[in-house]
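Novice: Dropping a structure here in structure tokens format, bear with me for questions.
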Amino acid sequence: MYIDILFWIRQKKWLLIALLYGLVMHTFITPPADLTMAAYDTLIIISMALILIITEPLPLPAIAMLMIFMQVVLGVDTANNVASSFMNDAVFFIMGSLMLAVAIVSQGLDKRLALGIIKITGHKTWRIVVGFTAISAILSSFIGEHTVTAMMMPVGLTLVRYAHKDPRKVAGLTAALLFSIAYGATIGSIGTPSGGGRNVIMMNYWSEFGVGTVSYLEWIKYVYPMVLFQIPFTVIILLWTFKPEYDILDSAVRKLVVDVAHAGKIKGKEWLALFLFGLVFLGWVFLSEDVGLGVIALIGVFLYLAFGLVDWSELNQRTNWGVILLFGAAISIGIQMNQSGAAQWVAKTIIVNLSQIIESPAVLQGSVSVLLTGVMSNVLSSSATVAVVGPIVLDLGGDPILIGFTTAIASAFGYFTAVAAPACTIIYSSGLVRSKDFLRAGWKMAVLSIVSLLALSLLWWPLL
Amino acid sequence: MTKKREKIDTKPLKFLTAVSSEKYSKPTLTFGSLIASVFDASMGVAYVGKKASEFHGSSVNLTRQNLTDWNIIHPGLEVLQWALKELKKLNPENEALAKIQFNPDHVYEEDGRIRVFMPDVEGKKIELVLREGELVGELRKEMQLEKYDLAIIGGSQNKRNLAHSLIQYLPGSIFVLQKFNPRKKYKLLLLVDDSTATAKSVEWGALIAEKLGWPVRTLTVSKTSRFGAGYQGAADMAKAYFDSRGIDVEQFFLTGDPVRTFVEFAGDNHIVIMGASTLNPLKQFLFGSKPIQTLKQTDVPILIVR
């Protein structure tokens with residue numbers, strides 16, 4: 001009995017710490033004079049949620065529920081208002097994109113993709129790394145990095161295994177190929193709104209806070225040059241860092257081609273799957289301003305289901321409903337941060353404290369949004385970071401659209417750990433790359449991305 | 001003692017060996033197999049891997065599902081596949097085991113873990129289990145679920161940091177193979193005191209010594225120069241038990257701090273066997289215990305019998 005209680009305490013210590021923190025802050029600490037009680041309680045809920053999300057003593061849906069009921073229990077807002085802020089187009093998009101990932105991956109298109117890449121790149125290792133990085137970046141811009149990585153991983157791992165029986169003996173090659181997929185997908189995910197949930201969350205904040213709207217094509221115009229600019233440098237960084245053991249993967253490529261050739265010619269269902277995704281893409285480009293990105297994603301899922309390309313049971317089983325609930329709750333609290341004045345208060349506090357160190361407001365705004373987002377996305381998840389940081393950075397001053405772009409882009413700088421981006425988690429789960437590999441290549445990628453973002457904001461955006 | 005020996009002889013024991021990789025777990029698996037054969041115990045092998053962050057868990061699962069279509073199996077299943085191959089090598093006389101083939105398609109999710117379907121071998125179960133999460137928590141769940149009597153764990157710096165949790169929360173005996181070298185000649189060192197678990201640890205030690213022919217020493221440490229009736233009685237009982245089984249035993253009585261004395265005496269050529277603490281769990285949690293301190297400080301394999 002004692003042991004069970006002690007063990008529960010051991011497993012749930014961060015839950016107890018979060019609850020104790022919330023209790024002490026709410027009951028015993030007086031809020032700053034310029035902060036309303038609702039804003040103060042909102043910040044308490046966010047702090048508690050961050051502790052729980054990072055340490056994971058509870059399943060994500062439980063954290064989402066805590067964020068919801070705490071808003072009502074602490075009197076931040078009424079139950080109906082909390083409920084209405086819980087579901088919006090960004091949550092629809094996250095739900096739709098997770099389901100689309102399942103629908104697309106289950107079509108077996110990865111074998112076609114493998115053949116296509118090999119045809120273009122040939123059998124030289126450096127060319128394959130270029131191909132993996134470029135294809136992962138370009139595809140993830142449109143269909144999300146988790147979908148692309150799920151499709152590219154088998155191709156990369158098969159090549160590695162055909163190159164050597166024990167992938168650990170060719171650690172450089174293994175890391176170069178797997179990181180070309182992960183980092184390729186990560187740098188690409190900023191390219192369009194549909195590249196990641198975080199982009200849509202930022203668009204949703206722009207619209208909710210009355211800052212303005214940005215269309216799908218406008219986003220591409222602002223951000224895509226950075227994707228294209230980073231691709232060749234990412235390849236150089238990966239080849240420089242990991243130094244593949246083989247220059248040529250002749251036999252491995254031949255075996256891979258034989259493997260995928262078994263799939264035969266592209267079938268009707270696969271054409272249909274591609275066609276439907278093409279429709280979804282066109283919908284995002286041309287209709288999203290009127291209909292919403294999330295609704296179009298749901299239309300796509302509906303069509304995949306209607307044409308029998310995927311079973312509901314499969315979608316139901318493989319969709320992470322916990323994440324959807326969590327983002328609903330995170331966006332709801334994000335809106336509350338704005339409405340209660342908590343976001344403005346945090347932004348003002350940051351500006352007042354940091355303006356003594358950094359005098360230029362533009363540099364201050366940029367630095368805060370990039371550093372805060374970049375650091376948080378390495379310990380949290382990129383989308384959760386934007387959900388939490390978004391309302392604050394939009395209140396930092398300056399052009400909120402450009403600050404929003406900067407934040408959404410910086411949230412993809414989670415190169416140092418396996419937790420930040422789904423692509424990084426996926427390659428880490430192969431057991432073939434180590435945490436220190438993320439650090440070895442990650443700092444170089446971070447420098448590249450910060451320089452690219454600076455160049456984009458100083459040289460490209462003023463021209464638009 | 002006689003009653004307890006009958007208990008060991010009649011109750012089928014179940015041992016669980018935790019493995020992490022082909023590179024690091026070979027000595028652990030080798031010793032696990034040896035100890036299971038000594039006790040004629042059923043054997044489970046568990047791989048406990050890191051769990052993906054819940055945020056990206058479904059993306060990882062989606063990728064893994066896709067990878068199986070390319071005949072690339074979960075890295076944990078690869079370790080279990082290696083473990084089965086290794087068990088066959090270690091037990092060449094076991095024809096039934098030799099016939100078992102590892103089939104990555106014969107896996108199923110059950111109770112929050114992945115099990116590989118394995119037929120019974122000579123009436124005994126061999127379990128191959130994949131779990132993802134924190135080591136102590138997952139081993140505890142597995143031991144509770146399958147009612148394992150002993151967990152065999154490889155030693156590492158990390159295990160030393162986990163010593164407290166391993167001893168306090170695993171619901172059976174544990175064998176931590178710190179710096180274990182299968183080629184080295186070890187002596188068994190039984191720590192004998194008035195703990196209620198001493199009797200069982202003497203029985204287990206005797207069985208190991210008998211089957212493996214390892215020399216045995218018993219050590220009783222008192223903080224003062226006076227050895228109380230409990231300590232003296234336990235030492236006498238241990239001696240009598242070894243004598244009754246025809247096992248030579250060297251007895252040592254030393255004075256000093258118990259844990260420091262155990263550690264110094266054990267050096268680097270003993271396998272230590274000691275009973276689990278009978279302290280109240282809350283006291284153990286707050287102040288530790290002799291087994292916890294010994295495991296933290298010693299560099300030799302240690303079996304803590306519960």
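Lettering and numbering for the structure tokens are positional, with chains as A, B, ... in the shown order, residues counted from 1 in each chain, and ligands counted from 1 in the shown order.
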Compute the set of chain A residues within 6 Å of chain B, using only C-alpha atoms, and express it as a list in words.

Specialist: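 In the required form, that comes to His146, Ala150, Pro154, Asn320, Pro422 and Ile426 of chain A.
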
Novice: Would you export the selected residues with all heavy atoms as a PDB file, in the first residue's frame, please?

Specialist:
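File part00.pdb, as written:
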ATOM      1  N   HIS A 146       5.386  15.495 -40.783  1.00  0.00           N
ATOM      2  CA  HIS A 146       5.177  14.135 -40.259  1.00  0.00           C
ATOM      3  C   HIS A 146       4.798  13.167 -41.380  1.00  0.00           C
ATOM      4  O   HIS A 146       5.245  12.027 -41.404  1.00  0.00           O
ATOM      5  CB  HIS A 146       4.128  14.129 -39.145  1.00  0.00           C
ATOM      6  CG  HIS A 146       2.833  14.784 -39.517  1.00  0.00           C
ATOM      7  ND1 HIS A 146       2.721  16.117 -39.805  1.00  0.00           N
ATOM      8  CD2 HIS A 146       1.599  14.277 -39.662  1.00  0.00           C
ATOM      9  CE1 HIS A 146       1.468  16.405 -40.099  1.00  0.00           C
ATOM     10  NE2 HIS A 146       0.770  15.304 -40.021  1.00  0.00           N
ATOM     11  N   ALA A 150       7.252  10.091 -42.531  1.00  0.00           N
ATOM     12  CA  ALA A 150       6.719   8.723 -42.474  1.00  0.00           C
ATOM     13  C   ALA A 150       6.903   8.007 -43.808  1.00  0.00           C
ATOM     14  O   ALA A 150       7.127   6.795 -43.853  1.00  0.00           O
ATOM     15  CB  ALA A 150       5.239   8.757 -42.093  1.00  0.00           C
ATOM     16  N   PRO A 154      11.222   4.791 -44.656  1.00  0.00           N
ATOM     17  CA  PRO A 154      11.507   3.454 -45.168  1.00  0.00           C
ATOM     18  C   PRO A 154      12.522   3.491 -46.311  1.00  0.00           C
ATOM     19  O   PRO A 154      13.370   2.608 -46.423  1.00  0.00           O
ATOM     20  CB  PRO A 154      10.148   2.964 -45.685  1.00  0.00           C
ATOM     21  CG  PRO A 154       9.148   3.809 -45.039  1.00  0.00           C
ATOM     22  CD  PRO A 154       9.789   5.121 -44.741  1.00  0.00           C
ATOM     23  N   ASN A 320      -3.928  11.060 -33.610  1.00  0.00           N
ATOM     24  CA  ASN A 320      -3.633  11.389 -32.220  1.00  0.00           C
ATOM     25  C   ASN A 320      -4.666  12.396 -31.706  1.00  0.00           C
ATOM     26  O   ASN A 320      -4.487  13.610 -31.796  1.00  0.00           O
ATOM     27  CB  ASN A 320      -2.214  11.968 -32.113  1.00  0.00           C
ATOM     28  CG  ASN A 320      -1.744  12.068 -30.690  1.00  0.00           C
ATOM     29  OD1 ASN A 320      -2.547  12.032 -29.765  1.00  0.00           O
ATOM     30  ND2 ASN A 320      -0.440  12.180 -30.507  1.00  0.00           N
ATOM     31  N   PRO A 422       8.216  16.640 -35.261  1.00  0.00           N
ATOM     32  CA  PRO A 422       7.868  15.223 -35.459  1.00  0.00           C
ATOM     33  C   PRO A 422       8.920  14.481 -36.292  1.00  0.00           C
ATOM     34  O   PRO A 422       9.225  13.332 -36.021  1.00  0.00           O
ATOM     35  CB  PRO A 422       6.519  15.282 -36.181  1.00  0.00           C
ATOM     36  CG  PRO A 422       6.326  16.681 -36.621  1.00  0.00           C
ATOM     37  CD  PRO A 422       7.152  17.532 -35.721  1.00  0.00           C
ATOM     38  N   ILE A 426      10.798  11.082 -35.194  1.00  0.00           N
ATOM     39  CA  ILE A 426      10.661   9.864 -36.000  1.00  0.00           C
ATOM     40  C   ILE A 426      12.033   9.252 -36.300  1.00  0.00           C
ATOM     41  O   ILE A 426      12.237   8.050 -36.121  1.00  0.00           O
ATOM     42  CB  ILE A 426       9.885  10.161 -37.304  1.00  0.00           C
ATOM     43  CG1 ILE A 426       8.414  10.448 -36.986  1.00  0.00           C
ATOM     44  CG2 ILE A 426       9.986   8.984 -38.272  1.00  0.00           C
ATOM     45  CD1 ILE A 426       7.595  10.964 -38.149  1.00  0.00           C
TER      46      ILE A 426
END

Novice: Report as a list in words all protein, DNA and RNA residues lying within 10 Å of A:Ile53, evaluated on only C-alpha atoms, omitting residues in the same chain fewer than 3 positions from it.

Specialist: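 Once the adjacent positions are removed, what remains is Ser47, Met48, Ala49, Leu50, Glu56, Pro57, Leu58, Pro59, Leu60, Ile63, Ala64, Leu326, Val379, Leu380, Ser381 and Ala384 of chain A; Ser53, Glu54 and Phe55 of chain B.
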
Novice: For the residues selected in the previous step, produce a file with C-alpha atoms as a PDB file, in the first residue's frame.

Specialist:
ATOM      1  CA  SER A  47       2.671  27.904 -16.548  1.00  0.00           C
ATOM      2  CA  MET A  48       1.048  24.795 -15.089  1.00  0.00           C
ATOM      3  CA  ALA A  49       0.289  23.464 -18.573  1.00  0.00           C
ATOM      4  CA  LEU A  50       3.883  24.062 -19.700  1.00  0.00           C
ATOM      5  CA  GLU A  56       4.402  14.447 -19.317  1.00  0.00           C
ATOM      6  CA  PRO A  57       3.158  13.009 -16.001  1.00  0.00           C
ATOM      7  CA  LEU A  58      -0.319  12.970 -17.547  1.00  0.00           C
ATOM      8  CA  PRO A  59      -1.663  12.027 -20.982  1.00  0.00           C
ATOM      9  CA  LEU A  60      -2.078  15.052 -23.262  1.00  0.00           C
ATOM     10  CA  ILE A  63      -3.619  18.356 -19.690  1.00  0.00           C
ATOM     11  CA  ALA A  64      -6.077  19.760 -22.237  1.00  0.00           C
ATOM     12  CA  LEU A 326      -4.472  19.834 -26.502  1.00  0.00           C
ATOM     13  CA  VAL A 379      11.928  21.589 -25.213  1.00  0.00           C
ATOM     14  CA  LEU A 380       8.254  21.714 -26.111  1.00  0.00           C
ATOM     15  CA  SER A 381       6.878  21.100 -29.580  1.00  0.00           C
ATOM     16  CA  ALA A 384       2.658  24.201 -28.883  1.00  0.00           C
TER      17      ALA A 384
ATOM     18  CA  SER B  53       6.977  12.318 -26.784  1.00  0.00           C
ATOM     19  CA  GLU B  54       3.203  12.068 -26.753  1.00  0.00           C
ATOM     20  CA  PHE B  55       3.020  14.965 -29.185  1.00  0.00           C
TER      21      PHE B  55
END

Novice: Run DSSP on the backbone and give me the residues of stretch 6-96 of chain A it puts in helix (DSSP H, G or I), as an MDAnalysis selection string.

Specialist: chainID A and resid 6:11 13:27 37:55 60:73 79:86 89:96

Novice: Excluding same-chain residues fewer than 3 positions from A:Gly188, what lies within 10 Å of it counting only C-alpha atoms, as a list of chain:residue names?

Specialist: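 Counting only the stated atoms, we get A:Thr133, A:Ala134, A:Ile135, A:Ser136, A:Ala137, A:Ile138, A:Leu139, A:Ser140, A:Ser141, A:Phe142, A:Gly144, A:Glu145, A:Ala182, A:Tyr183, A:Gly184, A:Ala185, A:Gly191, A:Thr192, A:Gly195, A:Gly196, A:Val223, A:Tyr224, A:Met226, A:Val227, A:Leu228, A:Gln230, A:Ile231, A:Ala412.
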
Novice: Let me make sure I understand: among A:Gly390, A:Gly268, A:Gly22, A:Pro167, which one has the smallest atom-to-atom distance to A:Val200 if we use only C-alpha atoms?

Specialist: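 Smallest distance to A:Val200 is found for A:Gly390.
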
Novice: Quick one: distance from atom CA of B:Glu138 to atom CA of B:Lys11 in Å, one decimal?

Specialist: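 Computing the Euclidean distance for atom CA of B:Glu138 and atom CA of B:Lys11 yields 25.0 Å.
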
Novice: Would you please work out which residue, of A:Ile351, A:Asn338, A:Phe229, A:Arg434, is nearest to A:Ser449 when using only C-alpha atoms?

Specialist: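 Closest to A:Ser449 of all the choices is A:Phe229.
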